[in-house]
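K.L.:
Take a look at my_file-v5.txt, compact mmCIF, N, CA, C and O atoms:
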# COMPACT_ATOMS: atom_id res chain seq x y z
N MET A 1 0.83 -1.18 0.00
CA MET A 1 0.00 0.00 0.00
C MET A 1 0.88 1.24 0.00
O MET A 1 1.94 1.25 0.60
N SER A 2 0.37 2.26 -0.63
CA SER A 2 1.11 3.52 -0.68
C SER A 2 1.05 4.21 0.67
O SER A 2 0.14 3.96 1.47
N PRO A 3 2.00 5.11 0.95
CA PRO A 3 1.97 5.85 2.21
C PRO A 3 0.68 6.65 2.39
O PRO A 3 0.17 6.78 3.50
N GLY A 4 0.13 7.16 1.30
CA GLY A 4 -1.13 7.91 1.39
C GLY A 4 -2.28 7.04 1.85
O GLY A 4 -3.12 7.47 2.65
N VAL A 5 -2.34 5.81 1.37
CA VAL A 5 -3.40 4.89 1.78
C VAL A 5 -3.23 4.53 3.26
O VAL A 5 -4.19 4.51 4.02
N VAL A 6 -2.00 4.25 3.66
CA VAL A 6 -1.74 3.91 5.06
C VAL A 6 -2.14 5.07 5.96
O VAL A 6 -2.79 4.87 6.99
N ASP A 7 -1.77 6.29 5.57
CA ASP A 7 -2.13 7.47 6.34
C ASP A 7 -3.64 7.62 6.44
O ASP A 7 -4.20 7.88 7.50
N TYR A 8 -4.33 7.45 5.30
CA TYR A 8 -5.78 7.55 5.29
C TYR A 8 -6.42 6.52 6.22
O TYR A 8 -7.29 6.85 7.02
N LEU A 9 -5.97 5.27 6.11
CA LEU A 9 -6.54 4.22 6.95
C LEU A 9 -6.27 4.47 8.43
O LEU A 9 -7.13 4.22 9.28
N PHE A 10 -5.09 4.99 8.76
CA PHE A 10 -4.78 5.32 10.15
C PHE A 10 -5.71 6.40 10.67
O PHE A 10 -6.25 6.30 11.77
N ARG A 11 -5.93 7.45 9.86
CA ARG A 11 -6.84 8.52 10.29
C ARG A 11 -8.26 8.00 10.45
O ARG A 11 -8.97 8.41 11.37
N GLN A 12 -8.67 7.09 9.59
CA GLN A 12 -10.01 6.50 9.72
C GLN A 12 -10.11 5.70 11.02
O GLN A 12 -11.11 5.78 11.72
N LEU A 13 -9.09 4.94 11.33
CA LEU A 13 -9.07 4.13 12.55
C LEU A 13 -9.14 5.01 13.78
O LEU A 13 -9.94 4.76 14.69
N VAL A 14 -8.34 6.07 13.83
CA VAL A 14 -8.33 6.98 14.97
C VAL A 14 -9.69 7.66 15.14
O VAL A 14 -10.17 7.83 16.26
N ALA A 15 -10.32 8.01 14.03
CA ALA A 15 -11.62 8.69 14.08
C ALA A 15 -12.77 7.74 14.34
O ALA A 15 -13.90 8.16 14.56
N GLY A 16 -12.51 6.43 14.32
CA GLY A 16 -13.57 5.45 14.51
C GLY A 16 -14.46 5.32 13.29
O GLY A 16 -15.59 4.85 13.38
N ALA A 17 -13.96 5.72 12.14
CA ALA A 17 -14.72 5.66 10.89
C ALA A 17 -14.41 4.37 10.16
O ALA A 17 -13.40 3.72 10.41
N PRO A 18 -15.27 3.97 9.22
CA PRO A 18 -15.00 2.75 8.45
C PRO A 18 -13.76 2.92 7.59
O PRO A 18 -13.42 4.05 7.19
N PRO A 19 -13.07 1.84 7.27
CA PRO A 19 -11.85 1.94 6.46
C PRO A 19 -12.11 2.34 5.01
O PRO A 19 -11.20 2.74 4.31
N GLU A 20 -13.35 2.24 4.56
CA GLU A 20 -13.65 2.61 3.18
C GLU A 20 -13.95 4.10 3.11
O GLU A 20 -14.48 4.69 4.03
N ASP A 21 -13.61 4.69 1.99
CA ASP A 21 -13.91 6.09 1.73
C ASP A 21 -15.37 6.18 1.28
O ASP A 21 -15.71 5.74 0.19
N VAL A 22 -16.23 6.71 2.14
CA VAL A 22 -17.65 6.81 1.80
C VAL A 22 -18.02 8.17 1.24
O VAL A 22 -19.13 8.37 0.77
N GLN A 23 -17.10 9.11 1.27
CA GLN A 23 -17.34 10.47 0.77
C GLN A 23 -17.71 10.46 -0.70
O GLN A 23 -18.59 11.18 -1.13
N TRP A 24 -17.04 9.62 -1.50
CA TRP A 24 -17.30 9.59 -2.94
C TRP A 24 -18.73 9.20 -3.25
O TRP A 24 -19.26 9.53 -4.30
N GLY A 25 -19.41 8.51 -2.33
CA GLY A 25 -20.79 8.11 -2.55
C GLY A 25 -21.73 9.28 -2.72
O GLY A 25 -22.77 9.18 -3.36
N ARG A 26 -21.35 10.42 -2.16
CA ARG A 26 -22.16 11.63 -2.28
C ARG A 26 -21.79 12.44 -3.52
O ARG A 26 -22.43 13.43 -3.82
N GLU A 27 -20.76 12.03 -4.21
CA GLU A 27 -20.23 12.83 -5.31
C GLU A 27 -20.63 12.31 -6.69
O GLU A 27 -20.25 12.90 -7.69
N GLY A 28 -21.32 11.21 -6.78
CA GLY A 28 -21.73 10.71 -8.08
C GLY A 28 -21.81 9.20 -8.09
O GLY A 28 -21.81 8.55 -7.06
N VAL A 29 -21.86 8.65 -9.28
CA VAL A 29 -22.00 7.21 -9.47
C VAL A 29 -20.72 6.51 -9.02
O VAL A 29 -19.62 6.90 -9.40
N ALA A 30 -20.88 5.48 -8.21
CA ALA A 30 -19.74 4.68 -7.78
C ALA A 30 -19.16 3.93 -8.97
O ALA A 30 -19.88 3.57 -9.90
N LEU A 31 -17.87 3.72 -8.95
CA LEU A 31 -17.20 3.00 -10.03
C LEU A 31 -17.83 1.63 -10.23
O LEU A 31 -18.00 1.17 -11.36
N SER A 32 -18.23 0.99 -9.14
CA SER A 32 -18.83 -0.34 -9.23
C SER A 32 -20.22 -0.31 -9.85
O SER A 32 -20.72 -1.34 -10.28
N ALA A 33 -20.84 0.88 -9.90
CA ALA A 33 -22.19 0.99 -10.47
C ALA A 33 -22.19 1.68 -11.83
O ALA A 33 -23.24 1.76 -12.48
N GLN A 34 -21.04 2.16 -12.27
CA GLN A 34 -20.95 2.87 -13.55
C GLN A 34 -21.21 1.91 -14.70
O GLN A 34 -20.63 0.83 -14.77
N ALA A 35 -22.09 2.31 -15.59
CA ALA A 35 -22.41 1.47 -16.74
C ALA A 35 -21.19 1.38 -17.67
O ALA A 35 -20.44 2.35 -17.80
N PRO A 36 -20.97 0.23 -18.30
CA PRO A 36 -19.85 0.10 -19.23
C PRO A 36 -20.01 1.07 -20.39
O PRO A 36 -21.11 1.28 -20.87
N GLY A 37 -18.91 1.65 -20.80
CA GLY A 37 -18.94 2.59 -21.90
C GLY A 37 -17.81 3.58 -21.80
O GLY A 37 -16.89 3.40 -21.00
N PRO A 38 -17.87 4.63 -22.59
CA PRO A 38 -16.77 5.60 -22.63
C PRO A 38 -16.49 6.27 -21.29
O PRO A 38 -15.34 6.50 -20.95
N GLU A 39 -17.53 6.58 -20.53
CA GLU A 39 -17.32 7.24 -19.24
C GLU A 39 -16.58 6.32 -18.27
O GLU A 39 -15.69 6.76 -17.54
N LEU A 40 -16.94 5.07 -18.25
CA LEU A 40 -16.23 4.12 -17.39
C LEU A 40 -14.78 3.99 -17.82
O LEU A 40 -13.87 3.97 -16.99
N ALA A 41 -14.54 3.93 -19.12
CA ALA A 41 -13.16 3.85 -19.63
C ALA A 41 -12.35 5.07 -19.19
O ALA A 41 -11.20 4.95 -18.77
N ARG A 42 -12.95 6.25 -19.27
CA ARG A 42 -12.27 7.47 -18.85
C ARG A 42 -11.93 7.42 -17.37
O ARG A 42 -10.81 7.69 -16.97
N ARG A 43 -12.91 7.04 -16.56
CA ARG A 43 -12.70 7.00 -15.11
C ARG A 43 -11.63 5.99 -14.74
O ARG A 43 -10.79 6.25 -13.87
N LEU A 44 -11.63 4.83 -15.38
CA LEU A 44 -10.62 3.82 -15.08
C LEU A 44 -9.24 4.32 -15.47
O LEU A 44 -8.26 4.12 -14.74
N SER A 45 -9.14 4.97 -16.62
CA SER A 45 -7.82 5.43 -17.08
C SER A 45 -7.27 6.55 -16.22
O SER A 45 -6.06 6.74 -16.15
N GLU A 46 -8.13 7.31 -15.56
CA GLU A 46 -7.69 8.43 -14.74
C GLU A 46 -7.49 8.06 -13.26
O GLU A 46 -7.10 8.91 -12.47
N THR A 47 -7.76 6.82 -12.90
CA THR A 47 -7.65 6.40 -11.50
C THR A 47 -6.20 6.12 -11.12
O THR A 47 -5.47 5.45 -11.85
N ASP A 48 -5.81 6.63 -9.96
CA ASP A 48 -4.48 6.37 -9.41
C ASP A 48 -4.57 5.07 -8.61
O ASP A 48 -5.09 5.05 -7.48
N LEU A 49 -4.09 3.98 -9.17
CA LEU A 49 -4.21 2.68 -8.52
C LEU A 49 -3.51 2.63 -7.16
O LEU A 49 -3.95 1.93 -6.25
N ASP A 50 -2.42 3.38 -7.01
CA ASP A 50 -1.69 3.38 -5.75
C ASP A 50 -2.48 4.02 -4.62
O ASP A 50 -2.16 3.80 -3.45
N ALA A 51 -3.49 4.80 -4.94
CA ALA A 51 -4.27 5.48 -3.92
C ALA A 51 -5.49 4.68 -3.48
O ALA A 51 -6.20 5.08 -2.56
N LEU A 52 -5.73 3.52 -4.09
CA LEU A 52 -6.92 2.73 -3.78
C LEU A 52 -6.68 1.80 -2.59
O LEU A 52 -5.60 1.24 -2.44
N THR A 53 -7.73 1.65 -1.79
CA THR A 53 -7.70 0.65 -0.73
C THR A 53 -7.92 -0.71 -1.38
O THR A 53 -8.35 -0.78 -2.55
N PRO A 54 -7.67 -1.80 -0.67
CA PRO A 54 -7.92 -3.12 -1.26
C PRO A 54 -9.37 -3.30 -1.74
O PRO A 54 -9.60 -3.87 -2.81
N THR A 55 -10.32 -2.79 -1.01
CA THR A 55 -11.73 -2.90 -1.43
C THR A 55 -11.98 -2.10 -2.69
O THR A 55 -12.63 -2.57 -3.63
N GLU A 56 -11.43 -0.88 -2.75
CA GLU A 56 -11.60 -0.06 -3.94
C GLU A 56 -10.90 -0.69 -5.14
O GLU A 56 -11.43 -0.64 -6.26
N LEU A 57 -9.75 -1.30 -4.92
CA LEU A 57 -9.03 -1.98 -6.00
C LEU A 57 -9.85 -3.15 -6.54
O LEU A 57 -9.91 -3.39 -7.74
N PHE A 58 -10.51 -3.87 -5.65
CA PHE A 58 -11.39 -4.98 -6.06
C PHE A 58 -12.49 -4.45 -6.98
O PHE A 58 -12.75 -5.01 -8.05
N HIS A 59 -13.14 -3.35 -6.59
CA HIS A 59 -14.20 -2.76 -7.41
C HIS A 59 -13.65 -2.24 -8.73
O HIS A 59 -14.32 -2.31 -9.76
N TYR A 60 -12.42 -1.73 -8.72
CA TYR A 60 -11.78 -1.27 -9.93
C TYR A 60 -11.61 -2.44 -10.91
O TYR A 60 -11.92 -2.33 -12.09
N VAL A 61 -11.11 -3.55 -10.40
CA VAL A 61 -10.90 -4.73 -11.24
C VAL A 61 -12.22 -5.22 -11.83
O VAL A 61 -12.31 -5.54 -13.02
N ARG A 62 -13.26 -5.26 -11.00
CA ARG A 62 -14.58 -5.69 -11.49
C ARG A 62 -15.09 -4.75 -12.58
O ARG A 62 -15.64 -5.19 -13.59
N ALA A 63 -14.92 -3.45 -12.38
CA ALA A 63 -15.36 -2.47 -13.39
C ALA A 63 -14.57 -2.65 -14.68
O ALA A 63 -15.13 -2.56 -15.78
N ALA A 64 -13.28 -2.91 -14.58
CA ALA A 64 -12.45 -3.13 -15.76
C ALA A 64 -12.91 -4.39 -16.50
O ALA A 64 -12.92 -4.42 -17.74
N GLN A 65 -13.31 -5.41 -15.76
CA GLN A 65 -13.83 -6.63 -16.39
C GLN A 65 -15.13 -6.34 -17.14
O GLN A 65 -15.31 -6.81 -18.26
N ARG A 66 -16.02 -5.55 -16.54
CA ARG A 66 -17.28 -5.20 -17.21
C ARG A 66 -17.00 -4.42 -18.49
O ARG A 66 -17.63 -4.65 -19.51
N LEU A 67 -16.04 -3.49 -18.42
CA LEU A 67 -15.70 -2.71 -19.60
C LEU A 67 -15.13 -3.60 -20.69
O LEU A 67 -15.47 -3.46 -21.87
N SER A 68 -14.29 -4.54 -20.31
CA SER A 68 -13.69 -5.46 -21.27
C SER A 68 -14.76 -6.32 -21.95
O SER A 68 -14.73 -6.52 -23.17
N GLN A 69 -15.70 -6.81 -21.19
CA GLN A 69 -16.79 -7.62 -21.75
C GLN A 69 -17.65 -6.79 -22.70
O GLN A 69 -18.07 -7.26 -23.76
N TRP A 70 -17.89 -5.53 -22.33
CA TRP A 70 -18.67 -4.64 -23.18
C TRP A 70 -17.95 -4.41 -24.50
O TRP A 70 -18.54 -4.50 -25.58
N ALA A 71 -16.65 -4.12 -24.44
CA ALA A 71 -15.86 -3.89 -25.65
C ALA A 71 -15.82 -5.14 -26.52
O ALA A 71 -15.89 -5.06 -27.75
N GLU A 72 -15.71 -6.30 -25.90
CA GLU A 72 -15.70 -7.56 -26.65
C GLU A 72 -17.02 -7.76 -27.38
O GLU A 72 -17.04 -8.22 -28.53
N SER A 73 -18.13 -7.40 -26.74
CA SER A 73 -19.43 -7.55 -27.42
C SER A 73 -19.53 -6.61 -28.61
O SER A 73 -20.11 -6.97 -29.64
N LEU A 74 -18.96 -5.40 -28.51
CA LEU A 74 -18.93 -4.49 -29.66
C LEU A 74 -18.12 -5.09 -30.80
O LEU A 74 -18.51 -5.01 -31.97
N ARG A 75 -16.98 -5.69 -30.47
CA ARG A 75 -16.12 -6.29 -31.47
C ARG A 75 -16.84 -7.43 -32.19
O ARG A 75 -16.78 -7.55 -33.41
N GLU A 76 -17.55 -8.25 -31.41
CA GLU A 76 -18.27 -9.39 -32.00
C GLU A 76 -19.36 -8.93 -32.96
O GLU A 76 -19.52 -9.51 -34.03
N VAL A 77 -20.11 -7.90 -32.60
CA VAL A 77 -21.15 -7.38 -33.48
C VAL A 77 -20.54 -6.84 -34.77
O VAL A 77 -21.03 -7.11 -35.87
N ALA A 78 -19.45 -6.09 -34.63
CA ALA A 78 -18.79 -5.54 -35.82
C ALA A 78 -18.23 -6.65 -36.71
O ALA A 78 -18.34 -6.58 -37.94
N LEU A 79 -17.67 -7.67 -36.11
CA LEU A 79 -17.12 -8.80 -36.88
C LEU A 79 -18.23 -9.53 -37.62
O LEU A 79 -18.07 -9.91 -38.79
N GLU A 80 -19.37 -9.73 -36.97
CA GLU A 80 -20.50 -10.39 -37.63
C GLU A 80 -20.97 -9.58 -38.84
O GLU A 80 -21.24 -10.15 -39.90
N ARG A 81 -21.06 -8.26 -38.68
CA ARG A 81 -21.47 -7.42 -39.81
C ARG A 81 -20.45 -7.46 -40.94
O ARG A 81 -20.80 -7.48 -42.11
N TYR A 82 -19.19 -7.45 -40.58
CA TYR A 82 -18.13 -7.50 -41.58
C TYR A 82 -18.21 -8.80 -42.37
O TYR A 82 -18.16 -8.81 -43.60
N CYS A 83 -18.35 -9.91 -41.64
CA CYS A 83 -18.41 -11.22 -42.31
C CYS A 83 -19.68 -11.38 -43.13
O CYS A 83 -19.65 -11.99 -44.19
N ALA A 84 -20.77 -10.83 -42.66
CA ALA A 84 -22.04 -10.95 -43.41
C ALA A 84 -22.01 -10.13 -44.69
O ALA A 84 -22.64 -10.50 -45.69
N GLY A 85 -21.24 -9.05 -44.70
CA GLY A 85 -21.20 -8.18 -45.88
C GLY A 85 -20.05 -8.50 -46.82
O GLY A 85 -19.95 -7.89 -47.88
N ALA A 86 -19.21 -9.45 -46.46
CA ALA A 86 -18.05 -9.77 -47.30
C ALA A 86 -18.49 -10.50 -48.55
O ALA A 86 -19.33 -11.40 -48.52
N ASP A 87 -17.93 -10.11 -49.69
CA ASP A 87 -18.24 -10.78 -50.96
C ASP A 87 -17.37 -12.01 -51.10
O ASP A 87 -16.16 -11.94 -50.85
N PRO A 88 -17.95 -13.13 -51.49
CA PRO A 88 -17.12 -14.31 -51.72
C PRO A 88 -16.19 -14.06 -52.91
O PRO A 88 -16.60 -13.51 -53.92
N ALA A 89 -14.97 -14.47 -52.82
CA ALA A 89 -14.00 -14.22 -53.88
C ALA A 89 -13.99 -15.33 -54.91
O ALA A 89 -14.34 -16.40 -54.76
Spit out the file's structure as structure tokens when you get a sec.

P.N.:
Amino acid sequence: MSPGVVDYLFRQLVAGAPPEDVQWGREGVALSAQAPGPELARRLSETDLDALTPTELFHYVRAAQRLSQWAESLREVALERYCAGADPA
């Protein structure tokens, strides 16, 4: 864990607060609830992985998997259209 994460977790422990950052819940859609698409890709690419707690990192990985599956489905649809429109030689 990065020193920033350790510091954050220590401050949470001293304050008697949960180890997860709940502040972001008031600021918009959670990464774990973000629909796959361009916005999720942007958020994932801009995330500082070293600043994530283990729980947040788990949700990051799950979101990346959803995005990957979404992109794969786009590829499959495009490939089907390409193959259906190809002229036999």

K.L.:
Report as a ChimeraX atom specification all protein, DNA and RNA residues lying within 12 Å of range 58-68 of chain A, evaluated on only C-alpha atoms, omitting residues in the same chain fewer than 3 positions from it.

P.N.:
/A:20,30-55,71-75

K.L.:
Chain A: which residues are helix (DSSP H, G or I) by DSSP, as a PyMOL selection string?

P.N.:
chain A and resi 3-15+23-26+31-33+38-46+49-51+54-85

K.L.:
For CA of Ala15 in chain A and atom O of Glu56 in chain A, quote the distance in Å rounded to one decimal.

P.N.:
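Taking CA of Ala15 in chain A and atom O of Glu56 in chain A, their separation equals 22.4 Å.
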
K.L.:
Give me, please, the distance in Å between atom N of Gly28 in chain A and atom O of Leu13 in chain A, quoted to one decimal.

P.N.:
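Computing it gives 25.1 Å between the two atoms.
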
K.L.:
Could you give me range 71-82 of chain A completed to all heavy atoms, formatted as an mmCIF file, keeping the file's coordinate frame?

P.N.:
data_model
loop_
_atom_site.group_PDB
_atom_site.id
_atom_site.type_symbol
_atom_site.label_atom_id
_atom_site.label_comp_id
_atom_site.auth_asym_id
_atom_site.auth_seq_id
_atom_site.Cartn_x
_atom_site.Cartn_y
_atom_site.Cartn_z
ATOM 1 N N ALA A 71 -16.650 -4.120 -24.440
ATOM 2 C CA ALA A 71 -15.860 -3.890 -25.650
ATOM 3 C C ALA A 71 -15.820 -5.140 -26.520
ATOM 4 O O ALA A 71 -15.890 -5.060 -27.750
ATOM 5 C CB ALA A 71 -14.444 -3.436 -25.279
ATOM 6 N N GLU A 72 -15.710 -6.300 -25.900
ATOM 7 C CA GLU A 72 -15.700 -7.560 -26.650
ATOM 8 C C GLU A 72 -17.020 -7.760 -27.380
ATOM 9 O O GLU A 72 -17.040 -8.220 -28.530
ATOM 10 C CB GLU A 72 -15.410 -8.737 -25.722
ATOM 11 C CG GLU A 72 -15.398 -10.089 -26.402
ATOM 12 C CD GLU A 72 -14.334 -10.242 -27.485
ATOM 13 O OE1 GLU A 72 -13.354 -9.486 -27.497
ATOM 14 O OE2 GLU A 72 -14.494 -11.138 -28.344
ATOM 15 N N SER A 73 -18.130 -7.400 -26.740
ATOM 16 C CA SER A 73 -19.430 -7.550 -27.420
ATOM 17 C C SER A 73 -19.530 -6.610 -28.610
ATOM 18 O O SER A 73 -20.110 -6.970 -29.640
ATOM 19 C CB SER A 73 -20.590 -7.329 -26.435
ATOM 20 O OG SER A 73 -20.677 -5.976 -26.050
ATOM 21 N N LEU A 74 -18.960 -5.400 -28.510
ATOM 22 C CA LEU A 74 -18.930 -4.490 -29.660
ATOM 23 C C LEU A 74 -18.120 -5.090 -30.800
ATOM 24 O O LEU A 74 -18.510 -5.010 -31.970
ATOM 25 C CB LEU A 74 -18.324 -3.143 -29.251
ATOM 26 C CG LEU A 74 -19.110 -2.277 -28.274
ATOM 27 C CD1 LEU A 74 -18.314 -1.020 -27.952
ATOM 28 C CD2 LEU A 74 -20.476 -1.936 -28.815
ATOM 29 N N ARG A 75 -16.980 -5.690 -30.470
ATOM 30 C CA ARG A 75 -16.120 -6.290 -31.470
ATOM 31 C C ARG A 75 -16.840 -7.430 -32.190
ATOM 32 O O ARG A 75 -16.780 -7.550 -33.410
ATOM 33 C CB ARG A 75 -14.828 -6.818 -30.825
ATOM 34 C CG ARG A 75 -13.795 -7.318 -31.834
ATOM 35 C CD ARG A 75 -12.679 -8.101 -31.172
ATOM 36 N NE ARG A 75 -13.136 -9.380 -30.656
ATOM 37 C CZ ARG A 75 -13.340 -10.483 -31.390
ATOM 38 N NH1 ARG A 75 -13.141 -10.459 -32.685
ATOM 39 N NH2 ARG A 75 -13.749 -11.603 -30.833
ATOM 40 N N GLU A 76 -17.550 -8.250 -31.410
ATOM 41 C CA GLU A 76 -18.270 -9.390 -32.000
ATOM 42 C C GLU A 76 -19.360 -8.930 -32.960
ATOM 43 O O GLU A 76 -19.520 -9.510 -34.030
ATOM 44 C CB GLU A 76 -18.847 -10.268 -30.895
ATOM 45 C CG GLU A 76 -17.791 -11.042 -30.130
ATOM 46 C CD GLU A 76 -18.358 -11.785 -28.929
ATOM 47 O OE1 GLU A 76 -19.577 -11.707 -28.676
ATOM 48 O OE2 GLU A 76 -17.556 -12.437 -28.239
ATOM 49 N N VAL A 77 -20.110 -7.900 -32.600
ATOM 50 C CA VAL A 77 -21.150 -7.380 -33.480
ATOM 51 C C VAL A 77 -20.540 -6.840 -34.770
ATOM 52 O O VAL A 77 -21.030 -7.110 -35.870
ATOM 53 C CB VAL A 77 -21.978 -6.286 -32.755
ATOM 54 C CG1 VAL A 77 -22.861 -5.519 -33.731
ATOM 55 C CG2 VAL A 77 -22.813 -6.892 -31.648
ATOM 56 N N ALA A 78 -19.450 -6.090 -34.630
ATOM 57 C CA ALA A 78 -18.790 -5.540 -35.820
ATOM 58 C C ALA A 78 -18.230 -6.650 -36.710
ATOM 59 O O ALA A 78 -18.340 -6.580 -37.940
ATOM 60 C CB ALA A 78 -17.665 -4.590 -35.394
ATOM 61 N N LEU A 79 -17.670 -7.670 -36.110
ATOM 62 C CA LEU A 79 -17.120 -8.800 -36.880
ATOM 63 C C LEU A 79 -18.230 -9.530 -37.620
ATOM 64 O O LEU A 79 -18.070 -9.910 -38.790
ATOM 65 C CB LEU A 79 -16.362 -9.746 -35.956
ATOM 66 C CG LEU A 79 -15.638 -10.917 -36.616
ATOM 67 C CD1 LEU A 79 -14.609 -10.396 -37.612
ATOM 68 C CD2 LEU A 79 -14.984 -11.781 -35.571
ATOM 69 N N GLU A 80 -19.370 -9.730 -36.970
ATOM 70 C CA GLU A 80 -20.500 -10.390 -37.630
ATOM 71 C C GLU A 80 -20.970 -9.580 -38.840
ATOM 72 O O GLU A 80 -21.240 -10.150 -39.900
ATOM 73 C CB GLU A 80 -21.654 -10.583 -36.640
ATOM 74 C CG GLU A 80 -21.414 -11.659 -35.612
ATOM 75 C CD GLU A 80 -22.521 -11.718 -34.561
ATOM 76 O OE1 GLU A 80 -23.607 -11.111 -34.777
ATOM 77 O OE2 GLU A 80 -22.299 -12.378 -33.538
ATOM 78 N N ARG A 81 -21.060 -8.260 -38.680
ATOM 79 C CA ARG A 81 -21.470 -7.420 -39.810
ATOM 80 C C ARG A 81 -20.450 -7.460 -40.940
ATOM 81 O O ARG A 81 -20.800 -7.480 -42.110
ATOM 82 C CB ARG A 81 -21.685 -5.986 -39.343
ATOM 83 C CG ARG A 81 -22.934 -5.823 -38.557
ATOM 84 C CD ARG A 81 -23.268 -4.384 -38.376
ATOM 85 N NE ARG A 81 -24.461 -4.300 -37.533
ATOM 86 C CZ ARG A 81 -25.032 -3.178 -37.183
ATOM 87 N NH1 ARG A 81 -24.521 -2.040 -37.602
ATOM 88 N NH2 ARG A 81 -26.099 -3.185 -36.436
ATOM 89 N N TYR A 82 -19.190 -7.450 -40.580
ATOM 90 C CA TYR A 82 -18.130 -7.500 -41.580
ATOM 91 C C TYR A 82 -18.210 -8.800 -42.370
ATOM 92 O O TYR A 82 -18.160 -8.810 -43.600
ATOM 93 C CB TYR A 82 -16.764 -7.364 -40.905
ATOM 94 C CG TYR A 82 -15.618 -7.511 -41.877
ATOM 95 C CD1 TYR A 82 -15.237 -6.474 -42.702
ATOM 96 C CD2 TYR A 82 -14.921 -8.708 -41.945
ATOM 97 C CE1 TYR A 82 -14.192 -6.616 -43.601
ATOM 98 C CE2 TYR A 82 -13.865 -8.860 -42.847
ATOM 99 C CZ TYR A 82 -13.519 -7.811 -43.675
ATOM 100 O OH TYR A 82 -12.482 -7.970 -44.548
#
